[in-house]
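Engineer: Provided below: my_file.cif, containing mmCIF, C-alpha atoms.
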data_data
#
loop_
_atom_site.label_atom_id
_atom_site.label_comp_id
_atom_site.auth_asym_id
_atom_site.auth_seq_id
_atom_site.Cartn_x
_atom_site.Cartn_y
_atom_site.Cartn_z
CA MET A 12 91.81 209.88 123.25
CA MET A 13 94.82 208.03 124.69
CA GLN A 14 94.24 204.97 126.83
CA PRO A 15 95.67 204.98 130.38
CA LEU A 16 99.08 203.34 130.43
CA ILE A 17 101.66 202.28 133.01
CA GLU A 18 105.23 202.16 131.69
CA VAL A 19 108.15 200.64 133.62
CA THR A 20 111.77 201.10 132.49
CA PRO A 21 113.50 198.70 132.47
CA PRO A 22 110.69 196.14 132.64
CA VAL A 23 113.15 193.40 133.63
CA ALA A 24 116.04 194.08 136.01
CA MET A 25 118.12 192.68 138.84
CA LEU A 26 116.61 193.09 142.30
CA ASP A 27 119.06 195.87 143.22
CA VAL A 28 118.45 197.95 140.07
CA PRO A 29 115.95 200.86 140.34
CA VAL A 30 113.18 201.27 137.78
CA HIS A 31 111.38 204.29 136.33
CA ILE A 32 107.56 204.22 136.53
CA THR A 33 105.37 206.64 134.58
CA LEU A 34 101.61 206.91 134.05
CA SER A 35 100.11 208.51 130.93
CA GLY A 36 96.82 208.84 129.06
CA PHE A 37 94.78 209.98 132.08
CA ALA A 38 92.48 212.98 132.31
CA PRO A 39 94.16 216.24 133.37
CA HIS A 40 94.51 216.47 137.17
CA GLN A 41 92.79 213.13 137.65
CA LEU A 42 93.32 211.26 140.94
CA ILE A 43 94.92 207.87 140.36
CA THR A 44 95.58 205.10 142.89
CA LEU A 45 98.58 202.98 141.95
CA HIS A 46 98.79 199.54 143.60
CA ALA A 47 101.86 197.28 143.71
CA THR A 48 101.42 193.59 144.58
CA LEU A 49 103.99 190.89 145.16
CA THR A 50 102.86 187.27 145.43
CA ASP A 51 106.00 185.19 144.84
CA GLY A 52 108.77 187.29 146.29
CA LEU A 53 111.25 185.08 148.12
CA PRO A 54 113.67 182.55 146.61
CA GLY A 55 113.46 179.43 148.68
CA GLY A 56 110.37 180.61 150.50
CA GLU A 57 107.19 182.62 150.45
CA MET A 58 106.60 186.36 150.62
CA THR A 59 103.46 188.26 149.73
CA ALA A 60 103.29 192.03 150.09
CA SER A 61 101.49 195.09 148.75
CA SER A 62 101.66 198.88 148.69
CA HIS A 63 99.75 201.80 147.15
CA ALA A 64 100.02 205.49 146.43
CA ILE A 65 97.52 208.14 145.28
CA PHE A 66 98.77 210.59 142.66
CA GLN A 67 97.24 213.54 140.85
CA ALA A 68 97.97 213.66 137.15
CA ASP A 69 99.45 216.85 135.70
CA ALA A 70 97.78 219.08 133.08
CA GLU A 71 98.70 216.54 130.36
CA GLY A 72 97.34 213.56 132.31
CA ASN A 73 100.77 212.20 133.25
CA VAL A 74 102.48 211.04 136.46
CA ASP A 75 106.22 210.48 136.83
CA LEU A 76 107.38 208.80 140.05
CA VAL A 77 110.90 210.16 139.58
CA SER A 78 109.70 213.73 140.11
CA GLN A 79 106.31 213.46 141.80
CA ALA A 80 105.31 212.61 145.36
CA PRO A 81 102.04 210.85 146.18
CA LEU A 82 99.25 212.74 147.91
CA PHE A 83 98.69 209.76 150.20
CA GLY A 84 99.91 206.19 150.39
CA THR A 85 102.31 203.78 152.01
CA TYR A 86 105.20 206.21 151.51
CA GLU A 87 105.71 209.96 151.48
CA GLY A 88 107.83 212.31 149.39
CA ILE A 89 109.44 211.86 146.00
CA ASP A 90 110.89 208.36 145.79
CA PRO A 91 110.98 206.41 142.50
CA MET A 92 111.19 203.11 144.42
CA GLY A 93 108.83 204.02 147.26
CA LEU A 94 106.21 201.49 146.20
CA PHE A 95 108.78 198.71 146.55
CA TRP A 96 110.24 199.27 150.02
CA SER A 97 106.96 200.51 151.58
CA MET A 98 105.14 197.25 150.89
CA HIS A 99 103.22 195.80 153.83
CA VAL A 100 104.29 192.16 154.21
CA GLN A 101 101.45 189.70 154.63
CA THR A 102 103.46 186.47 154.65
CA LEU A 103 107.18 185.77 154.96
CA ARG A 104 108.86 182.42 155.53
CA PHE A 105 111.56 180.18 154.10
CA PHE A 106 110.77 176.65 152.94
CA SER A 107 113.10 174.05 154.53
CA PRO A 108 115.99 176.42 155.36
CA ASN A 109 117.32 173.76 157.75
CA SER A 110 117.75 171.09 155.10
CA LEU A 111 120.05 171.44 152.12
CA ASP A 112 118.38 168.46 150.45
CA THR A 113 114.95 170.08 150.30
CA PHE A 114 115.90 173.76 150.12
CA GLU A 115 115.76 175.15 146.59
CA PHE A 116 116.77 178.67 145.57
CA ALA A 117 113.64 179.21 143.49
CA PRO A 118 112.06 181.14 141.94
CA ARG A 119 115.02 182.94 140.40
CA SER A 120 112.84 185.98 139.67
CA THR A 121 109.44 187.40 140.54
CA ASP A 122 106.90 189.84 139.10
CA ILE A 123 105.56 192.88 140.88
CA HIS A 124 102.13 193.70 139.47
CA LEU A 125 101.12 197.34 139.10
CA THR A 126 97.48 198.38 138.80
CA ALA A 127 96.21 201.92 138.27
CA GLU A 128 92.67 202.63 139.53
CA VAL A 129 90.35 205.58 138.92
CA ASN A 130 87.24 205.85 141.07
CA GLY A 131 87.91 202.37 142.40
CA GLN A 132 88.07 200.76 138.95
CA PRO A 133 91.24 199.32 137.40
CA VAL A 134 92.11 201.12 134.15
CA ALA A 135 95.72 200.08 133.48
CA LYS A 136 98.06 197.26 134.45
CA ALA A 137 101.73 196.42 134.09
CA ALA A 138 104.32 194.11 135.60
CA VAL A 139 107.99 194.52 136.41
CA THR A 140 110.24 191.47 136.70
CA ARG A 141 112.76 191.50 139.55
CA ILE A 142 115.65 189.04 139.18
CA PHE A 143 117.06 187.45 142.33
CA VAL A 144 120.05 185.84 140.63
CA SER A 145 121.48 186.37 137.15
CA PRO A 146 120.53 183.72 134.55
CA THR A 147 124.24 183.01 133.99
CA ILE A 148 124.76 181.89 137.57
CA ALA A 149 124.91 178.21 138.46
CA ILE A 150 123.83 177.11 141.95
CA GLU A 151 125.46 174.03 143.47
CA LYS A 152 124.70 172.28 146.73
CA ILE A 153 127.98 171.72 148.56
CA ARG A 154 128.69 168.87 150.96
CA ASP A 155 132.41 168.48 150.37
CA ASP A 156 134.69 168.23 153.41
CA GLY A 157 131.71 168.22 155.78
CA LEU A 158 130.50 171.61 154.56
CA VAL A 159 126.83 172.54 154.11
CA GLY A 160 126.36 175.35 151.65
CA LEU A 161 125.18 176.75 148.33
CA TYR A 162 127.80 177.85 145.81
CA PHE A 163 126.80 180.56 143.33
CA HIS A 164 129.10 181.12 140.35
CA ASP A 165 129.28 181.76 136.61
CA PRO A 166 130.68 178.58 135.01
CA GLN A 167 131.97 180.55 131.99
CA ALA A 168 133.72 183.34 133.90
CA GLU A 169 137.44 183.81 134.43
CA PRO A 170 138.72 183.45 138.03
CA ARG A 171 137.46 186.27 140.23
CA PRO A 172 137.65 187.38 143.87
CA ALA A 173 135.22 185.31 145.95
CA ILE A 174 133.05 185.86 149.00
CA LEU A 175 132.15 183.61 151.90
CA VAL A 176 128.67 184.63 153.10
CA LEU A 177 127.59 184.02 156.71
CA GLY A 178 124.03 184.44 157.96
CA GLY A 179 122.95 185.38 161.45
CA SER A 180 121.28 183.81 164.47
CA GLU A 181 118.37 182.60 162.30
CA GLY A 182 120.63 179.70 161.27
CA GLY A 183 120.12 177.51 158.25
CA ILE A 184 120.84 178.36 154.63
CA GLY A 185 117.98 180.73 153.70
CA SER A 186 119.02 184.33 154.32
CA CYS A 187 122.72 183.96 153.49
CA SER A 188 121.81 182.49 150.09
CA GLN A 189 120.06 185.74 149.10
CA PHE A 190 123.23 187.76 149.57
CA ALA A 191 125.36 185.11 147.87
CA ALA A 192 123.07 185.19 144.83
CA LEU A 193 123.46 188.96 144.50
CA PHE A 194 127.22 188.87 144.99
CA ALA A 195 127.55 186.20 142.28
CA SER A 196 125.32 188.24 139.97
CA HIS A 197 127.83 191.07 140.35
CA GLY A 198 130.72 188.83 139.36
CA TYR A 199 131.90 187.45 142.72
CA PRO A 200 131.68 183.67 143.19
CA ALA A 201 129.98 183.26 146.55
CA LEU A 202 129.55 180.42 149.02
CA ALA A 203 126.52 180.74 151.30
CA LEU A 204 127.60 178.68 154.29
CA ALA A 205 125.29 177.21 156.91
CA TYR A 206 127.05 176.75 160.25
CA PHE A 207 124.23 175.57 162.53
CA GLN A 208 120.62 174.40 162.33
CA CYS A 209 121.02 172.67 158.98
CA ASP A 210 121.35 168.94 158.32
CA ASP A 211 124.07 167.39 160.49
CA LEU A 212 125.39 170.70 161.78
CA PRO A 213 124.88 171.66 165.45
CA ASP A 214 121.32 172.42 166.50
CA ASP A 215 122.36 175.29 168.75
CA LEU A 216 124.71 178.22 168.37
CA SER A 217 127.25 176.70 170.73
CA ARG A 218 131.00 176.27 170.30
CA ILE A 219 130.85 176.24 166.49
CA PRO A 220 134.37 175.16 165.44
CA LEU A 221 136.19 177.92 163.61
CA GLU A 222 138.03 175.15 161.76
CA TYR A 223 134.72 174.52 159.94
CA ILE A 224 134.77 178.10 158.62
CA GLN A 225 138.43 177.75 157.69
CA GLN A 226 137.55 174.59 155.80
CA ALA A 227 135.00 176.58 153.79
CA ILE A 228 137.64 179.20 152.96
CA SER A 229 140.05 176.48 151.82
CA TRP A 230 137.32 174.90 149.69
CA LEU A 231 136.49 178.25 148.11
CA LYS A 232 140.15 178.91 147.26
CA ARG A 233 140.36 175.62 145.35
CA GLN A 234 137.52 176.42 142.96
CA ARG A 235 138.65 177.15 139.41
CA HIS A 236 136.41 180.24 139.20
CA VAL A 237 138.13 181.82 142.22
CA GLN A 238 141.26 183.95 142.60
CA SER A 239 142.68 182.08 145.57
CA GLU A 240 144.47 185.12 147.00
CA SER A 241 141.30 187.26 146.96
CA ILE A 242 138.82 185.94 149.53
CA ALA A 243 136.42 188.22 151.40
CA VAL A 244 134.02 187.31 154.19
CA PHE A 245 130.61 188.97 154.48
CA GLY A 246 128.45 188.50 157.56
CA ARG A 247 125.29 190.00 159.01
CA SER A 248 124.42 190.28 162.69
CA LYS A 249 125.74 187.14 164.42
CA GLY A 250 127.39 186.29 161.11
CA ALA A 251 129.15 189.67 161.23
CA GLU A 252 130.62 188.73 164.61
CA LEU A 253 131.77 185.46 163.07
CA ALA A 254 133.22 187.26 160.03
CA LEU A 255 135.38 189.43 162.29
CA VAL A 256 136.43 186.44 164.39
CA ILE A 257 137.45 184.28 161.42
CA GLY A 258 139.24 187.23 159.83
CA SER A 259 141.23 187.68 163.03
CA ILE A 260 142.59 184.11 163.00
CA ASP A 261 142.84 183.24 159.29
CA PRO A 262 145.27 185.32 157.17
CA GLU A 263 143.69 183.89 154.01
CA VAL A 264 140.80 186.32 154.57
CA ARG A 265 141.79 189.47 152.67
CA ALA A 266 138.74 191.65 153.43
CA VAL A 267 135.85 191.62 155.92
CA ILE A 268 132.41 193.20 155.57
CA ALA A 269 130.55 193.16 158.88
CA SER A 270 126.93 194.38 158.90
CA SER A 271 125.52 195.07 162.40
CA PRO A 272 128.38 193.32 164.23
CA SER A 273 129.59 192.97 167.78
CA SER A 274 133.09 193.90 168.89
CA THR A 275 133.20 190.89 171.22
CA VAL A 276 132.45 187.21 171.16
CA CYS A 277 128.93 186.96 172.58
CA ILE A 278 126.90 184.28 174.27
CA GLY A 279 125.62 181.55 171.98
CA THR A 280 123.06 179.33 173.68
CA ASP A 281 122.26 179.43 177.39
CA ARG A 282 121.94 175.64 177.64
CA GLU A 283 124.63 173.01 178.01
CA ARG A 284 122.98 170.92 175.30
CA PRO A 285 119.74 170.99 173.26
CA GLY A 286 116.67 170.24 175.36
CA SER A 287 118.46 170.70 178.66
CA ASP A 288 116.74 172.62 181.48
CA LEU A 289 120.08 173.53 183.04
CA PHE A 290 121.18 177.15 182.62
CA SER A 291 124.70 176.96 181.25
CA PRO A 292 125.91 179.87 179.06
CA GLN A 293 128.02 178.73 176.13
CA SER A 294 130.45 180.51 173.84
CA SER A 295 129.31 180.79 170.26
CA TRP A 296 132.67 179.65 168.86
CA SER A 297 135.53 177.29 169.59
CA PHE A 298 139.05 176.99 168.22
CA ARG A 299 141.37 174.00 168.56
CA GLY A 300 138.85 172.36 170.82
CA GLU A 301 138.54 175.24 173.28
CA PRO A 302 135.65 177.71 173.59
CA LEU A 303 136.52 181.32 172.85
CA PRO A 304 136.16 183.72 175.81
CA PHE A 305 132.75 185.39 175.57
CA VAL A 306 130.45 187.91 177.22
CA PRO A 307 127.96 185.88 179.31
CA TRP A 308 124.43 186.61 180.46
CA THR A 309 122.90 185.95 183.85
CA GLU A 310 119.97 183.57 184.05
CA GLU A 311 117.68 186.54 184.74
CA GLN A 312 118.92 188.32 181.60
CA SER A 313 118.38 185.19 179.56
CA LYS A 314 114.79 184.81 180.79
CA GLU A 315 114.06 188.48 180.17
CA ALA A 316 115.47 188.28 176.64
CA LYS A 317 113.31 185.26 175.82
CA ALA A 318 110.17 186.95 177.15
CA ARG A 319 110.89 190.19 175.31
CA LEU A 320 111.61 188.47 172.01
CA GLU A 321 108.40 186.47 172.27
CA SER A 322 106.46 189.73 172.67
CA GLY A 323 108.40 191.55 169.93
CA GLN A 324 110.37 193.88 172.21
CA ARG A 325 113.95 195.09 171.88
CA ILE A 326 116.81 193.44 173.76
CA ASP A 327 119.76 195.71 172.93
CA HIS A 328 119.87 197.01 176.52
CA LEU A 329 120.51 193.46 177.78
CA HIS A 330 123.52 193.10 175.50
CA ALA A 331 124.77 196.53 176.56
CA GLN A 332 124.47 195.67 180.24
CA SER A 333 126.18 192.31 179.86
CA TRP A 334 129.09 193.94 178.05
CA LYS A 335 129.31 196.58 180.81
CA ASP A 336 129.32 193.95 183.55
CA CYS A 337 131.76 191.54 181.91
CA LYS A 338 134.87 191.14 184.04
CA TRP A 339 136.96 189.74 181.19
CA LEU A 340 135.87 192.08 178.40
CA GLU A 341 139.36 192.38 176.90
CA GLU A 342 139.68 188.60 176.61
CA ALA A 343 136.26 188.43 174.93
CA THR A 344 137.06 191.30 172.56
CA ILE A 345 137.74 190.24 168.96
CA SER A 346 141.36 190.89 167.91
CA VAL A 347 140.29 192.76 164.77
CA GLU A 348 143.78 194.24 164.39
CA ARG A 349 144.93 190.81 163.14
CA ILE A 350 142.65 190.92 160.09
CA ASN A 351 144.78 190.71 156.95
CA GLY A 352 142.99 193.34 154.86
CA PRO A 353 140.50 196.22 154.75
CA ILE A 354 137.33 196.23 156.87
CA LEU A 355 133.90 197.68 156.10
CA LEU A 356 131.54 198.10 159.06
CA LEU A 357 127.81 198.84 158.73
CA SER A 358 125.72 199.88 161.73
CA SER A 359 122.53 201.65 162.75
CA ASP A 360 121.58 203.89 165.66
CA ASP A 361 118.26 202.19 166.47
CA ASP A 362 119.33 198.56 166.42
CA HIS A 363 116.91 196.67 168.69
CA TRP A 364 119.01 193.50 168.84
CA TRP A 365 122.30 194.89 170.10
CA PRO A 366 124.08 198.29 170.08
CA ALA A 367 126.08 197.58 166.93
CA ALA A 368 126.89 201.25 166.27
CA GLU A 369 128.72 201.58 169.58
CA HIS A 370 130.54 198.35 168.90
CA CYS A 371 131.66 199.53 165.49
CA GLU A 372 133.01 202.69 167.11
CA ARG A 373 134.83 200.48 169.61
CA ILE A 374 136.28 198.41 166.74
CA VAL A 375 137.49 201.54 164.92
CA ALA A 376 139.08 202.91 168.10
CA ARG A 377 140.88 199.63 168.73
CA LEU A 378 142.21 199.51 165.16
CA GLN A 379 143.50 203.06 165.44
CA GLU A 380 145.14 202.29 168.77
CA LYS A 381 146.82 199.17 167.35
CA GLY A 382 148.07 200.96 164.22
CA PHE A 383 146.02 198.83 161.82
CA PRO A 384 147.70 199.14 158.39
CA HIS A 385 144.62 198.62 156.20
CA GLU A 386 141.64 200.78 155.33
CA VAL A 387 138.71 200.84 157.77
CA VAL A 388 135.30 202.26 156.82
CA HIS A 389 132.40 202.60 159.24
CA LEU A 390 129.03 203.59 157.80
CA ARG A 391 126.65 204.52 160.63
CA TYR A 392 123.00 205.18 159.75
CA PRO A 393 120.81 207.33 162.06
CA ASP A 394 117.27 206.30 163.01
CA THR A 395 117.82 202.97 161.28
CA GLY A 396 117.19 199.46 162.56
CA HIS A 397 118.98 196.13 162.61
CA MET A 398 117.87 194.88 159.19
CA ILE A 399 120.24 196.67 156.81
CA ARG A 400 120.05 194.39 153.78
CA PHE A 401 119.93 195.14 150.04
CA PRO A 402 117.87 197.65 148.03
CA TYR A 403 114.24 197.77 147.03
CA ILE A 404 112.75 195.08 149.24
CA PRO A 405 110.10 195.75 151.91
CA THR A 406 111.58 197.43 154.99
CA THR A 407 108.35 197.91 156.95
CA ARG A 408 108.88 195.17 159.55
CA THR A 409 110.30 197.48 162.20
CA ARG A 410 108.68 196.22 165.41
CA LEU A 411 111.64 194.21 166.65
CA ASN A 412 114.32 195.43 164.25
CA GLY A 413 113.92 199.19 164.86
CA GLY A 414 114.29 202.27 162.68
CA THR A 415 111.70 203.55 160.23
CA ALA A 416 110.77 201.95 156.93
CA LYS A 417 112.10 204.94 154.97
CA ASN A 418 115.42 205.12 156.82
CA ASN A 419 115.87 201.36 156.65
CA ALA A 420 115.27 201.53 152.89
CA TYR A 421 117.83 204.30 152.47
CA ALA A 422 120.43 202.46 154.54
CA SER A 423 119.90 199.25 152.59
CA GLU A 424 120.27 201.02 149.25
CA HIS A 425 123.24 203.19 150.22
CA SER A 426 125.15 200.49 152.09
CA TRP A 427 124.76 197.97 149.26
CA ARG A 428 126.29 200.43 146.79
CA GLU A 429 129.12 201.01 149.27
CA VAL A 430 129.65 197.26 149.73
CA LEU A 431 130.06 196.79 145.97
CA ARG A 432 132.32 199.85 145.76
CA PHE A 433 134.42 198.54 148.65
CA LEU A 434 134.90 195.15 147.00
CA GLN A 435 135.82 196.69 143.69
CA LYS A 436 138.36 198.98 145.32
CA VAL A 437 139.89 196.32 147.56
CA PHE A 438 140.40 193.73 144.89
CA THR A 439 141.34 196.13 142.10
CA VAL A 440 144.11 197.49 144.32
CA LYS A 441 145.22 193.96 145.24
CA SER A 442 145.21 192.91 141.58
CA ASP A 443 147.26 195.95 140.56
CA ALA A 444 149.71 195.39 143.41
CA GLY A 445 150.19 191.72 142.65
CA PRO A 446 149.76 188.74 145.02
#
Using structure tokens, write down the structure that the file contains.
Structural biologist:
Amino acid sequence: MMQPLIEVTPPVAMLDVPVHITLSGFAPHQLITLHATLTDGLPGGEMTASSHAIFQADAEGNVDLVSQAPLFGTYEGIDPMGLFWSMHVQTLRFFSPNSLDTFEFAPRSTDIHLTAEVNGQPVAKAAVTRIFVSPTIAIEKIRDDGLVGLYFHDPQAEPRPAILVLGGSEGGIGSCSQFAALFASHGYPALALAYFQCDDLPDDLSRIPLEYIQQAISWLKRQRHVQSESIAVFGRSKGAELALVIGSIDPEVRAVIASSPSSTVCIGTDRERPGSDLFSPQSSWSFRGEPLPFVPWTEEQSKEAKARLESGQRIDHLHAQSWKDCKWLEEATISVERINGPILLLSSDDDHWWPAAEHCERIVARLQEKGFPHEVVHLRYPDTGHMIRFPYIPTTRTRLNGGTAKNNAYASEHSWREVLRFLQKVFTVKSDAGP
């Protein structure tokens, strides 16, 4: 009689590569509970998570997750990667994301442990290794020219198009480094750039000099692994706003990918300086020493936002109202028509942070009105929340972000494929056309 067996193909793969899980050697029509456990799942931090699904073996004692749905579990329907995105997250935090000295992008991979149980007893085990960054990629801490960042690149590769990666209102270096690692693993040298709340950078999101971002672009262009005429900027959330802003003022940016962006410059901090009790709304960005016009909040809106965030409630209506009430909305609107290349916009219909989908529609309308000469793509995902990221990571933390775990997982998978396709198309066309 065959012994119960879990087989995973491939057993080792990049984080964004799907795997094929099969069970064999069980009794015909036997009920099997398959558990997935993650204990070391965040480079530069800590994440533990778990999921499960109950299957019924077929007449030969086999289960194939590619073609079979669970009877019960943390996900429903046929989904080969359902056990991965439906994981319930027990712990999630970055270690020292506000200090480049102590932040380390490690581990570079993790194992997800699979256990098959029958009648409450484990009968088969397996593990699948998920790689966060390719083994060929070097990771350098960058402090040149006043910058604070992590540079991911293949030291042996020929010059390639490069990507500047900007995180959101979480600040620090943690989340942007995850995207930079994946971009580099797909052949694009990537600089994860901290722009506040890290080392000597500003503590608050207030009047961040755009010259600092331009300095990062200039630094990236000088690297020997980089095609200097092929620089893209990728940003998420607040970083998406910044990506559009920097693209609008710096012609060296040849493509922009903005995930859950705003069409305007928004309020940064509501204090004149850190620790101040005085309500004083500040622009997020400055240029040539002057703050950019922005959409402000009232003191009442600011207090309500703080209270709602502390209790895990959505605040998108506050952003929507402030945009509606702004008397200088045109001045605060980002001049996206000045971007010197194609634009990819990602948005969701149930974004609890701000109404990014409506803002993407506003961006597209403005570009059409201005006769924008480059390609514009807007991918809008229904019933999806703010956290559109990359494939096959847990998407179950929906309380503040919105959407459903299943829809968030689909959007993360689909959008990531489209991001890579967009980059390939943009820079292949540029290469064929010449500088």
Engineer: For the file shown, what are the residues hit by the PyMOL selection byres ((chain A and resi 285-295) around 8), laid out as a count of residues only?
Structural biologist: 24
Engineer: What's around Glu252 (chain A) at 6 Å? Count only C-alpha atoms, leave out sequence neighbours fewer than 2 positions away in its own chain, and write the answer as an MDAnalysis selection string.
Structural biologist: chainID A and resid 249:250 254:255 272:273
Engineer: Quick one: which residues end up in the PyMOL selection byres ((chain A and resi 177-191) around 7) for this structure, as a list in words?
Structural biologist: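 With the PyMOL selection byres ((chain A and resi 177-191) around 7) on this model, the match is Gly55, Phe105, Pro108, Asn109, Gly160, Leu161, Phe163, Leu175, Val176, Ala192, Leu193, Phe194, Ala195, Ala201, Leu202, Ala203, Leu204, Ala205, Phe207, Gln208, Cys209, Phe245, Gly246, Arg247, Ser248, Lys249 and Gly250 of chain A.
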Engineer: Would you mind reading off the distance between CA of Thr59 (chain A) and CA of Val100 (chain A), one decimal, in Å?
Structural biologist: 6.0 Å
Engineer: Suppose a student applies the PyMOL selection byres ((chain A and resi 83) around 9) to this structure; what residues should they get, written as a list in words?
Structural biologist: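 Checked against the file, the PyMOL selection byres ((chain A and resi 83) around 9) matches His63, Ala64, Ile65, Phe66, Ala80, Pro81, Leu82, Gly84, Thr85, Tyr86 and Glu87 of chain A.
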Engineer: Is it possible to get the residues within 12 Å of (143.9, 181.5, 164.5) (coordinates as in the file, counting all atoms listed in the file) written as a PyMOL selection string?
Structural biologist: chain A and resi 220-222+224-225+255-264+297-299+303+345-347+349-351
Engineer: Save the residues we just selected, C-alpha atoms, as a PDB file, in the coordinates of the input?
Structural biologist:
ATOM      1  CA  PRO A 220     134.370 175.160 165.440  1.00  0.00           C
ATOM      2  CA  LEU A 221     136.190 177.920 163.610  1.00  0.00           C
ATOM      3  CA  GLU A 222     138.030 175.150 161.760  1.00  0.00           C
ATOM      4  CA  ILE A 224     134.770 178.100 158.620  1.00  0.00           C
ATOM      5  CA  GLN A 225     138.430 177.750 157.690  1.00  0.00           C
ATOM      6  CA  LEU A 255     135.380 189.430 162.290  1.00  0.00           C
ATOM      7  CA  VAL A 256     136.430 186.440 164.390  1.00  0.00           C
ATOM      8  CA  ILE A 257     137.450 184.280 161.420  1.00  0.00           C
ATOM      9  CA  GLY A 258     139.240 187.230 159.830  1.00  0.00           C
ATOM     10  CA  SER A 259     141.230 187.680 163.030  1.00  0.00           C
ATOM     11  CA  ILE A 260     142.590 184.110 163.000  1.00  0.00           C
ATOM     12  CA  ASP A 261     142.840 183.240 159.290  1.00  0.00           C
ATOM     13  CA  PRO A 262     145.270 185.320 157.170  1.00  0.00           C
ATOM     14  CA  GLU A 263     143.690 183.890 154.010  1.00  0.00           C
ATOM     15  CA  VAL A 264     140.800 186.320 154.570  1.00  0.00           C
ATOM     16  CA  SER A 297     135.530 177.290 169.590  1.00  0.00           C
ATOM     17  CA  PHE A 298     139.050 176.990 168.220  1.00  0.00           C
ATOM     18  CA  ARG A 299     141.370 174.000 168.560  1.00  0.00           C
ATOM     19  CA  LEU A 303     136.520 181.320 172.850  1.00  0.00           C
ATOM     20  CA  ILE A 345     137.740 190.240 168.960  1.00  0.00           C
ATOM     21  CA  SER A 346     141.360 190.890 167.910  1.00  0.00           C
ATOM     22  CA  VAL A 347     140.290 192.760 164.770  1.00  0.00           C
ATOM     23  CA  ARG A 349     144.930 190.810 163.140  1.00  0.00           C
ATOM     24  CA  ILE A 350     142.650 190.920 160.090  1.00  0.00           C
ATOM     25  CA  ASN A 351     144.780 190.710 156.950  1.00  0.00           C
TER      26      ASN A 351
END
Engineer: May I ask which of the residues A:His124, A:Lys317, A:His99, A:Lys136 is the closest one to Gln14 (chain A), counting all atoms listed in the file?
Structural biologist: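 Residue with the minimum atom-to-atom distance to Gln14 (chain A): A:Lys136.
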Engineer: List the residues sitting within 10 Å of (108.8, 184.4, 140.3) in the file's frame, using all atoms listed in the file, as a PyMOL selection string.
Structural biologist: chain A and resi 49-54+117-123+140-143
Engineer: Suppose you want the space between CA of Ala173 (chain A) and CA of Thr439 (chain A); what is it in Å?
Structural biologist: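 Computing the Euclidean distance for CA of Ala173 (chain A) and CA of Thr439 (chain A) yields 13.0 Å.
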